[in-house]
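Just query-v3.txt here, compact mmCIF, N, CA and C atoms:
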# COMPACT_ATOMS: atom_id res chain seq x y z
N MET A 24 6.17 32.58 45.20
CA MET A 24 5.32 32.77 44.03
C MET A 24 6.12 33.29 42.84
N LYS A 25 7.09 34.18 43.14
CA LYS A 25 7.91 34.74 42.08
C LYS A 25 8.71 33.65 41.37
N ASN A 26 9.26 32.71 42.14
CA ASN A 26 10.03 31.61 41.55
C ASN A 26 9.15 30.72 40.67
N PHE A 27 7.91 30.52 41.11
CA PHE A 27 6.98 29.73 40.33
C PHE A 27 6.72 30.39 38.97
N LEU A 28 6.47 31.70 38.97
CA LEU A 28 6.21 32.41 37.73
C LEU A 28 7.42 32.39 36.80
N VAL A 29 8.60 32.57 37.37
CA VAL A 29 9.81 32.52 36.55
C VAL A 29 9.97 31.13 35.94
N GLY A 30 9.73 30.09 36.71
CA GLY A 30 9.82 28.72 36.21
C GLY A 30 8.77 28.44 35.14
N PHE A 31 7.56 28.93 35.35
CA PHE A 31 6.49 28.73 34.38
C PHE A 31 6.81 29.43 33.06
N ILE A 32 7.28 30.67 33.15
CA ILE A 32 7.64 31.41 31.94
C ILE A 32 8.80 30.73 31.22
N ALA A 33 9.75 30.25 31.99
CA ALA A 33 10.89 29.55 31.38
C ALA A 33 10.40 28.31 30.64
N ALA A 34 9.47 27.58 31.24
CA ALA A 34 8.96 26.36 30.60
C ALA A 34 8.16 26.69 29.35
N VAL A 35 7.38 27.73 29.40
CA VAL A 35 6.52 28.08 28.27
C VAL A 35 7.30 28.74 27.14
N VAL A 36 8.38 29.44 27.45
CA VAL A 36 9.13 30.17 26.42
C VAL A 36 10.40 29.43 26.01
N ILE A 37 11.20 29.04 26.95
CA ILE A 37 12.52 28.50 26.65
C ILE A 37 12.43 27.08 26.08
N LEU A 38 11.58 26.23 26.60
CA LEU A 38 11.50 24.86 26.10
C LEU A 38 11.05 24.80 24.63
N PRO A 39 10.02 25.53 24.22
CA PRO A 39 9.67 25.51 22.79
C PRO A 39 10.77 26.10 21.90
N ILE A 40 11.45 27.13 22.36
CA ILE A 40 12.54 27.70 21.58
C ILE A 40 13.68 26.69 21.46
N GLY A 41 13.97 25.98 22.53
CA GLY A 41 15.00 24.94 22.50
C GLY A 41 14.63 23.81 21.55
N ALA A 42 13.37 23.39 21.58
CA ALA A 42 12.91 22.32 20.69
C ALA A 42 12.99 22.77 19.23
N LEU A 43 12.58 23.99 18.96
CA LEU A 43 12.66 24.53 17.60
C LEU A 43 14.11 24.60 17.14
N ALA A 44 14.99 25.07 18.01
CA ALA A 44 16.42 25.14 17.66
C ALA A 44 16.98 23.76 17.39
N TYR A 45 16.59 22.78 18.18
CA TYR A 45 17.04 21.40 17.99
C TYR A 45 16.74 20.91 16.58
N PHE A 46 15.53 21.18 16.10
CA PHE A 46 15.15 20.75 14.76
C PHE A 46 15.75 21.64 13.68
N ARG A 47 15.73 22.94 13.87
CA ARG A 47 16.23 23.88 12.85
C ARG A 47 17.74 23.78 12.65
N LEU A 48 18.47 23.39 13.69
CA LEU A 48 19.92 23.25 13.57
C LEU A 48 20.34 21.89 13.03
N GLY A 49 19.36 21.05 12.69
CA GLY A 49 19.65 19.76 12.09
C GLY A 49 20.16 18.72 13.06
N MET A 50 19.81 18.83 14.32
CA MET A 50 20.29 17.88 15.31
C MET A 50 19.40 16.65 15.42
N ALA A 51 18.20 16.69 14.85
CA ALA A 51 17.28 15.56 14.92
C ALA A 51 17.74 14.47 13.95
N GLU A 52 17.59 13.23 14.35
CA GLU A 52 17.98 12.08 13.52
C GLU A 52 17.02 11.94 12.36
N THR A 53 17.52 11.92 11.14
CA THR A 53 16.66 11.81 9.95
C THR A 53 17.12 10.70 9.02
N ARG A 54 17.96 9.82 9.47
CA ARG A 54 18.45 8.74 8.61
C ARG A 54 17.31 7.78 8.29
N SER A 55 17.27 7.33 7.05
CA SER A 55 16.23 6.40 6.65
C SER A 55 16.71 4.96 6.64
N ASP A 56 17.97 4.73 7.00
CA ASP A 56 18.50 3.37 7.00
C ASP A 56 18.47 2.72 8.38
N VAL A 57 17.83 3.37 9.33
CA VAL A 57 17.67 2.80 10.66
C VAL A 57 16.20 2.84 11.04
N LEU A 58 15.79 1.92 11.87
CA LEU A 58 14.40 1.91 12.33
C LEU A 58 14.17 3.06 13.30
N PRO A 59 12.98 3.63 13.29
CA PRO A 59 12.68 4.70 14.24
C PRO A 59 12.55 4.13 15.64
N PRO A 60 12.69 4.98 16.65
CA PRO A 60 12.52 4.49 18.01
C PRO A 60 11.09 3.99 18.25
N ALA A 61 10.94 3.12 19.22
CA ALA A 61 9.63 2.50 19.51
C ALA A 61 8.58 3.54 19.87
N TRP A 62 8.96 4.58 20.62
CA TRP A 62 7.97 5.59 21.03
C TRP A 62 7.44 6.33 19.80
N GLU A 63 8.30 6.57 18.81
CA GLU A 63 7.86 7.28 17.61
C GLU A 63 6.92 6.40 16.78
N THR A 64 7.24 5.12 16.69
CA THR A 64 6.39 4.19 15.96
C THR A 64 5.01 4.12 16.61
N ARG A 65 4.96 4.02 17.94
CA ARG A 65 3.68 3.97 18.64
C ARG A 65 2.89 5.26 18.44
N LEU A 66 3.57 6.39 18.49
CA LEU A 66 2.91 7.68 18.33
C LEU A 66 2.30 7.80 16.93
N ILE A 67 3.06 7.49 15.90
CA ILE A 67 2.57 7.60 14.53
C ILE A 67 1.46 6.59 14.27
N THR A 68 1.63 5.36 14.77
CA THR A 68 0.61 4.33 14.58
C THR A 68 -0.70 4.75 15.22
N SER A 69 -0.63 5.29 16.43
CA SER A 69 -1.87 5.73 17.08
C SER A 69 -2.50 6.90 16.33
N ALA A 70 -1.69 7.77 15.76
CA ALA A 70 -2.23 8.89 14.98
C ALA A 70 -2.92 8.38 13.71
N VAL A 71 -2.32 7.40 13.04
CA VAL A 71 -2.93 6.83 11.83
C VAL A 71 -4.24 6.15 12.18
N HIS A 72 -4.26 5.36 13.25
CA HIS A 72 -5.49 4.67 13.65
C HIS A 72 -6.59 5.67 14.03
N ALA A 73 -6.23 6.73 14.74
CA ALA A 73 -7.23 7.74 15.12
C ALA A 73 -7.79 8.43 13.88
N SER A 74 -6.94 8.69 12.90
CA SER A 74 -7.39 9.33 11.67
C SER A 74 -8.36 8.42 10.92
N VAL A 75 -8.05 7.13 10.86
CA VAL A 75 -8.94 6.18 10.18
C VAL A 75 -10.27 6.10 10.92
N ARG A 76 -10.24 6.02 12.25
CA ARG A 76 -11.50 5.97 13.02
C ARG A 76 -12.34 7.20 12.77
N ARG A 77 -11.71 8.37 12.71
CA ARG A 77 -12.44 9.61 12.50
C ARG A 77 -12.98 9.69 11.08
N SER A 78 -12.17 9.33 10.11
CA SER A 78 -12.57 9.43 8.71
C SER A 78 -13.59 8.38 8.31
N ALA A 79 -13.51 7.21 8.90
CA ALA A 79 -14.37 6.10 8.49
C ALA A 79 -15.53 5.87 9.45
N SER A 80 -15.81 6.82 10.31
CA SER A 80 -16.85 6.61 11.32
C SER A 80 -18.24 6.48 10.71
N GLU A 81 -18.44 7.01 9.52
CA GLU A 81 -19.77 6.96 8.91
C GLU A 81 -19.90 5.85 7.87
N ILE A 82 -18.87 5.03 7.72
CA ILE A 82 -18.94 3.92 6.79
C ILE A 82 -19.57 2.73 7.49
N HIS A 83 -20.57 2.16 6.88
CA HIS A 83 -21.28 1.04 7.49
C HIS A 83 -21.10 -0.22 6.65
N ALA A 84 -21.21 -1.36 7.28
CA ALA A 84 -21.08 -2.65 6.58
C ALA A 84 -22.24 -2.81 5.61
N PRO A 85 -21.98 -3.42 4.45
CA PRO A 85 -23.06 -3.62 3.48
C PRO A 85 -24.05 -4.67 3.99
N SER A 86 -25.25 -4.59 3.47
CA SER A 86 -26.25 -5.59 3.85
C SER A 86 -25.91 -6.93 3.19
N LEU A 87 -26.37 -8.01 3.78
CA LEU A 87 -26.03 -9.34 3.28
C LEU A 87 -26.66 -9.63 1.91
N GLU A 88 -27.76 -8.97 1.60
CA GLU A 88 -28.41 -9.25 0.32
C GLU A 88 -27.63 -8.67 -0.86
N ASN A 89 -26.83 -7.63 -0.63
CA ASN A 89 -26.02 -7.04 -1.70
C ASN A 89 -24.54 -7.28 -1.49
N LEU A 90 -24.18 -8.33 -0.78
CA LEU A 90 -22.79 -8.56 -0.40
C LEU A 90 -21.89 -8.76 -1.61
N ASP A 91 -22.32 -9.54 -2.60
CA ASP A 91 -21.49 -9.77 -3.78
C ASP A 91 -21.22 -8.46 -4.52
N ASP A 92 -22.24 -7.63 -4.66
CA ASP A 92 -22.06 -6.33 -5.32
C ASP A 92 -21.10 -5.45 -4.53
N ALA A 93 -21.20 -5.49 -3.21
CA ALA A 93 -20.32 -4.69 -2.37
C ALA A 93 -18.88 -5.15 -2.48
N ILE A 94 -18.64 -6.46 -2.58
CA ILE A 94 -17.29 -6.99 -2.72
C ILE A 94 -16.69 -6.55 -4.05
N VAL A 95 -17.46 -6.62 -5.11
CA VAL A 95 -16.98 -6.20 -6.43
C VAL A 95 -16.69 -4.69 -6.41
N ALA A 96 -17.58 -3.91 -5.83
CA ALA A 96 -17.37 -2.46 -5.75
C ALA A 96 -16.14 -2.13 -4.92
N GLY A 97 -15.94 -2.86 -3.82
CA GLY A 97 -14.76 -2.64 -2.98
C GLY A 97 -13.48 -2.98 -3.71
N GLY A 98 -13.50 -4.06 -4.50
CA GLY A 98 -12.33 -4.42 -5.30
C GLY A 98 -11.99 -3.35 -6.32
N LYS A 99 -13.01 -2.80 -6.96
CA LYS A 99 -12.79 -1.73 -7.94
C LYS A 99 -12.20 -0.50 -7.25
N LEU A 100 -12.74 -0.15 -6.09
CA LEU A 100 -12.21 0.99 -5.34
C LEU A 100 -10.75 0.77 -4.97
N TYR A 101 -10.42 -0.45 -4.54
CA TYR A 101 -9.04 -0.76 -4.16
C TYR A 101 -8.10 -0.57 -5.34
N PHE A 102 -8.44 -1.14 -6.49
CA PHE A 102 -7.55 -1.04 -7.64
C PHE A 102 -7.48 0.37 -8.21
N GLU A 103 -8.56 1.16 -8.05
CA GLU A 103 -8.55 2.53 -8.57
C GLU A 103 -7.87 3.51 -7.63
N GLY A 104 -8.00 3.30 -6.32
CA GLY A 104 -7.51 4.32 -5.40
C GLY A 104 -6.48 3.88 -4.38
N CYS A 105 -6.34 2.59 -4.17
CA CYS A 105 -5.49 2.12 -3.08
C CYS A 105 -4.26 1.34 -3.54
N ALA A 106 -4.40 0.63 -4.65
CA ALA A 106 -3.34 -0.28 -5.10
C ALA A 106 -2.05 0.46 -5.43
N GLY A 107 -2.13 1.73 -5.77
CA GLY A 107 -0.92 2.49 -6.08
C GLY A 107 0.05 2.55 -4.94
N CYS A 108 -0.45 2.57 -3.72
CA CYS A 108 0.43 2.59 -2.54
C CYS A 108 0.49 1.23 -1.84
N HIS A 109 -0.64 0.55 -1.80
CA HIS A 109 -0.71 -0.71 -1.04
C HIS A 109 -0.35 -1.94 -1.87
N GLY A 110 -0.12 -1.79 -3.17
CA GLY A 110 0.32 -2.89 -4.01
C GLY A 110 -0.81 -3.67 -4.63
N LYS A 111 -0.51 -4.25 -5.78
CA LYS A 111 -1.45 -5.13 -6.47
C LYS A 111 -1.04 -6.57 -6.21
N PRO A 112 -1.95 -7.51 -6.31
CA PRO A 112 -1.58 -8.91 -6.07
C PRO A 112 -0.40 -9.33 -6.95
N GLY A 113 0.65 -9.79 -6.30
CA GLY A 113 1.86 -10.22 -7.00
C GLY A 113 2.81 -9.11 -7.36
N LYS A 114 2.42 -7.85 -7.14
CA LYS A 114 3.27 -6.71 -7.47
C LYS A 114 3.32 -5.75 -6.28
N PRO A 115 4.27 -5.96 -5.38
CA PRO A 115 4.34 -5.06 -4.23
C PRO A 115 4.75 -3.65 -4.66
N GLU A 116 4.29 -2.69 -3.93
CA GLU A 116 4.65 -1.29 -4.14
C GLU A 116 5.61 -0.92 -3.03
N LEU A 117 6.89 -1.05 -3.26
CA LEU A 117 7.89 -0.85 -2.22
C LEU A 117 8.40 0.58 -2.23
N ASP A 118 7.55 1.48 -1.84
CA ASP A 118 7.91 2.89 -1.72
C ASP A 118 8.32 3.12 -0.28
N LEU A 119 9.61 3.26 -0.04
CA LEU A 119 10.12 3.40 1.32
C LEU A 119 10.12 4.84 1.80
N SER A 120 9.52 5.75 1.03
CA SER A 120 9.53 7.15 1.44
C SER A 120 8.44 7.46 2.46
N HIS A 121 7.52 6.55 2.68
CA HIS A 121 6.44 6.78 3.64
C HIS A 121 6.83 6.29 5.02
N TYR A 122 6.43 7.04 6.02
CA TYR A 122 6.61 6.59 7.39
C TYR A 122 5.31 6.79 8.13
N PRO A 123 4.76 5.79 8.73
CA PRO A 123 5.21 4.41 8.74
C PRO A 123 5.03 3.79 7.37
N PRO A 124 5.75 2.69 7.10
CA PRO A 124 5.63 2.07 5.78
C PRO A 124 4.19 1.68 5.48
N VAL A 125 3.82 1.81 4.23
CA VAL A 125 2.45 1.49 3.81
C VAL A 125 2.28 -0.02 3.83
N PRO A 126 1.25 -0.55 4.53
CA PRO A 126 1.04 -2.00 4.55
C PRO A 126 0.69 -2.51 3.16
N GLN A 127 1.23 -3.65 2.82
CA GLN A 127 0.93 -4.29 1.55
C GLN A 127 -0.27 -5.20 1.77
N LEU A 128 -1.47 -4.69 1.52
CA LEU A 128 -2.71 -5.35 1.89
C LEU A 128 -3.01 -6.60 1.08
N TRP A 129 -2.39 -6.76 -0.06
CA TRP A 129 -2.68 -7.90 -0.92
C TRP A 129 -1.99 -9.17 -0.46
N GLN A 130 -0.98 -9.07 0.39
CA GLN A 130 -0.21 -10.26 0.79
C GLN A 130 -1.03 -11.14 1.70
N GLU A 131 -1.07 -12.43 1.39
CA GLU A 131 -1.74 -13.37 2.27
C GLU A 131 -0.89 -13.55 3.52
N GLY A 132 -1.54 -13.76 4.63
CA GLY A 132 -0.82 -13.98 5.87
C GLY A 132 -0.53 -12.70 6.64
N THR A 133 -0.88 -11.54 6.09
CA THR A 133 -0.71 -10.32 6.87
C THR A 133 -1.89 -10.18 7.82
N LYS A 134 -1.79 -9.23 8.72
CA LYS A 134 -2.87 -9.04 9.67
C LYS A 134 -4.08 -8.35 9.02
N TYR A 135 -3.97 -8.00 7.75
CA TYR A 135 -5.04 -7.30 7.06
C TYR A 135 -5.95 -8.22 6.26
N LEU A 136 -5.59 -9.49 6.13
CA LEU A 136 -6.43 -10.42 5.37
C LEU A 136 -7.06 -11.44 6.27
What is this structure when it is put down as structure tokens?
Amino acid sequence: MKNFLVGFIAAVVILPIGALAYFRLGMAETRSDVLPPAWETRLITSAVHASVRRSASEIHAPSLENLDDAIVAGGKLYFEGCAGCHGKPGKPELDLSHYPPVPQLWQEGTKYL
């Protein structure tokens, strides 16, 4: 039992201190000219999707009788609040400082159209 407690304490105390030291000493890879590892991409992508599901859970599809008005209102919202990061038609917004990269929603042939 004593060995178990020592191992548990070591895991709870030493591992977080080691992880903190790893980052604080600058040992983590931070280059922006290489692609991130696949596990990191999956982790961030799942976090973004979960955030969208949580934030947009109360948004409902417009009724068919007001569909044209809803499309126009959605277009206005896009150009006022989204186009700055996601790009305007014919004018991509190539800001590489975001990770994961911001999808360019205006491009035809993407999975977003």
Item to check | Separation of atom C of Gly97 (chain A) from atom C of Ile82 (chain A) in Å | outcome: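 Those two atoms sit 14.0 Å apart.
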Next on the checklist: Between atom C of Pro39 (chain A) and CA of Ser74 (chain A), what is the distance in Å, rounded to a tenth?
Outcome noted: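 Interatomic distance here is 26.8 Å.
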Checklist entry - Hey, what does DSSP flag as helix (DSSP H, G or I) within region 65-96 of chain A? Can you give it to me as number ranges by chain? => result A: 65-78, 87-96
Just the selected residues (N, CA and C atoms), exported as a PDB file, in the coordinates of the input, please.
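Below is the file again-v1.pdb, written as the result:
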ATOM      1  N   ARG A  65       4.960   4.020  17.940  1.00  0.00           N
ATOM      2  CA  ARG A  65       3.680   3.970  18.640  1.00  0.00           C
ATOM      3  C   ARG A  65       2.890   5.260  18.440  1.00  0.00           C
ATOM      4  N   LEU A  66       3.570   6.390  18.490  1.00  0.00           N
ATOM      5  CA  LEU A  66       2.910   7.680  18.330  1.00  0.00           C
ATOM      6  C   LEU A  66       2.300   7.800  16.930  1.00  0.00           C
ATOM      7  N   ILE A  67       3.060   7.490  15.900  1.00  0.00           N
ATOM      8  CA  ILE A  67       2.570   7.600  14.530  1.00  0.00           C
ATOM      9  C   ILE A  67       1.460   6.590  14.270  1.00  0.00           C
ATOM     10  N   THR A  68       1.630   5.360  14.770  1.00  0.00           N
ATOM     11  CA  THR A  68       0.610   4.330  14.580  1.00  0.00           C
ATOM     12  C   THR A  68      -0.700   4.750  15.220  1.00  0.00           C
ATOM     13  N   SER A  69      -0.630   5.290  16.430  1.00  0.00           N
ATOM     14  CA  SER A  69      -1.870   5.730  17.080  1.00  0.00           C
ATOM     15  C   SER A  69      -2.500   6.900  16.330  1.00  0.00           C
ATOM     16  N   ALA A  70      -1.690   7.770  15.760  1.00  0.00           N
ATOM     17  CA  ALA A  70      -2.230   8.890  14.980  1.00  0.00           C
ATOM     18  C   ALA A  70      -2.920   8.380  13.710  1.00  0.00           C
ATOM     19  N   VAL A  71      -2.320   7.400  13.040  1.00  0.00           N
ATOM     20  CA  VAL A  71      -2.930   6.830  11.830  1.00  0.00           C
ATOM     21  C   VAL A  71      -4.240   6.150  12.180  1.00  0.00           C
ATOM     22  N   HIS A  72      -4.260   5.360  13.250  1.00  0.00           N
ATOM     23  CA  HIS A  72      -5.490   4.670  13.650  1.00  0.00           C
ATOM     24  C   HIS A  72      -6.590   5.670  14.030  1.00  0.00           C
ATOM     25  N   ALA A  73      -6.230   6.730  14.740  1.00  0.00           N
ATOM     26  CA  ALA A  73      -7.230   7.740  15.120  1.00  0.00           C
ATOM     27  C   ALA A  73      -7.790   8.430  13.880  1.00  0.00           C
ATOM     28  N   SER A  74      -6.940   8.690  12.900  1.00  0.00           N
ATOM     29  CA  SER A  74      -7.390   9.330  11.670  1.00  0.00           C
ATOM     30  C   SER A  74      -8.360   8.420  10.920  1.00  0.00           C
ATOM     31  N   VAL A  75      -8.050   7.130  10.860  1.00  0.00           N
ATOM     32  CA  VAL A  75      -8.940   6.180  10.180  1.00  0.00           C
ATOM     33  C   VAL A  75     -10.270   6.100  10.920  1.00  0.00           C
ATOM     34  N   ARG A  76     -10.240   6.020  12.250  1.00  0.00           N
ATOM     35  CA  ARG A  76     -11.500   5.970  13.020  1.00  0.00           C
ATOM     36  C   ARG A  76     -12.340   7.200  12.770  1.00  0.00           C
ATOM     37  N   ARG A  77     -11.710   8.370  12.710  1.00  0.00           N
ATOM     38  CA  ARG A  77     -12.440   9.610  12.500  1.00  0.00           C
ATOM     39  C   ARG A  77     -12.980   9.690  11.080  1.00  0.00           C
ATOM     40  N   SER A  78     -12.170   9.330  10.110  1.00  0.00           N
ATOM     41  CA  SER A  78     -12.570   9.430   8.710  1.00  0.00           C
ATOM     42  C   SER A  78     -13.590   8.380   8.310  1.00  0.00           C
ATOM     43  N   LEU A  87     -26.370  -8.010   3.780  1.00  0.00           N
ATOM     44  CA  LEU A  87     -26.030  -9.340   3.280  1.00  0.00           C
ATOM     45  C   LEU A  87     -26.660  -9.630   1.910  1.00  0.00           C
ATOM     46  N   GLU A  88     -27.760  -8.970   1.600  1.00  0.00           N
ATOM     47  CA  GLU A  88     -28.410  -9.250   0.320  1.00  0.00           C
ATOM     48  C   GLU A  88     -27.630  -8.670  -0.860  1.00  0.00           C
ATOM     49  N   ASN A  89     -26.830  -7.630  -0.630  1.00  0.00           N
ATOM     50  CA  ASN A  89     -26.020  -7.040  -1.700  1.00  0.00           C
ATOM     51  C   ASN A  89     -24.540  -7.280  -1.490  1.00  0.00           C
ATOM     52  N   LEU A  90     -24.180  -8.330  -0.780  1.00  0.00           N
ATOM     53  CA  LEU A  90     -22.790  -8.560  -0.400  1.00  0.00           C
ATOM     54  C   LEU A  90     -21.890  -8.760  -1.610  1.00  0.00           C
ATOM     55  N   ASP A  91     -22.320  -9.540  -2.600  1.00  0.00           N
ATOM     56  CA  ASP A  91     -21.490  -9.770  -3.780  1.00  0.00           C
ATOM     57  C   ASP A  91     -21.220  -8.460  -4.520  1.00  0.00           C
ATOM     58  N   ASP A  92     -22.240  -7.630  -4.660  1.00  0.00           N
ATOM     59  CA  ASP A  92     -22.060  -6.330  -5.320  1.00  0.00           C
ATOM     60  C   ASP A  92     -21.100  -5.450  -4.530  1.00  0.00           C
ATOM     61  N   ALA A  93     -21.200  -5.490  -3.210  1.00  0.00           N
ATOM     62  CA  ALA A  93     -20.320  -4.690  -2.370  1.00  0.00           C
ATOM     63  C   ALA A  93     -18.880  -5.150  -2.480  1.00  0.00           C
ATOM     64  N   ILE A  94     -18.640  -6.460  -2.580  1.00  0.00           N
ATOM     65  CA  ILE A  94     -17.290  -6.990  -2.720  1.00  0.00           C
ATOM     66  C   ILE A  94     -16.690  -6.550  -4.050  1.00  0.00           C
ATOM     67  N   VAL A  95     -17.460  -6.620  -5.110  1.00  0.00           N
ATOM     68  CA  VAL A  95     -16.980  -6.200  -6.430  1.00  0.00           C
ATOM     69  C   VAL A  95     -16.690  -4.690  -6.410  1.00  0.00           C
ATOM     70  N   ALA A  96     -17.580  -3.910  -5.830  1.00  0.00           N
ATOM     71  CA  ALA A  96     -17.370  -2.460  -5.750  1.00  0.00           C
ATOM     72  C   ALA A  96     -16.140  -2.130  -4.920  1.00  0.00           C
TER      73      ALA A  96
END
Next on the checklist: To one decimal place in Å, what is the distance between atom C of Ser78 (chain A) and atom C of Leu100 (chain A)?
Outcome noted: 15.6 Å
Checklist entry - Taking (-17.2, -6.5, 5.3) in the file's coordinates, which residues come within 10 Å, counting only C-alpha atoms, written as a PyMOL selection string? => result chain A and resi 83-87+90+93-94+97
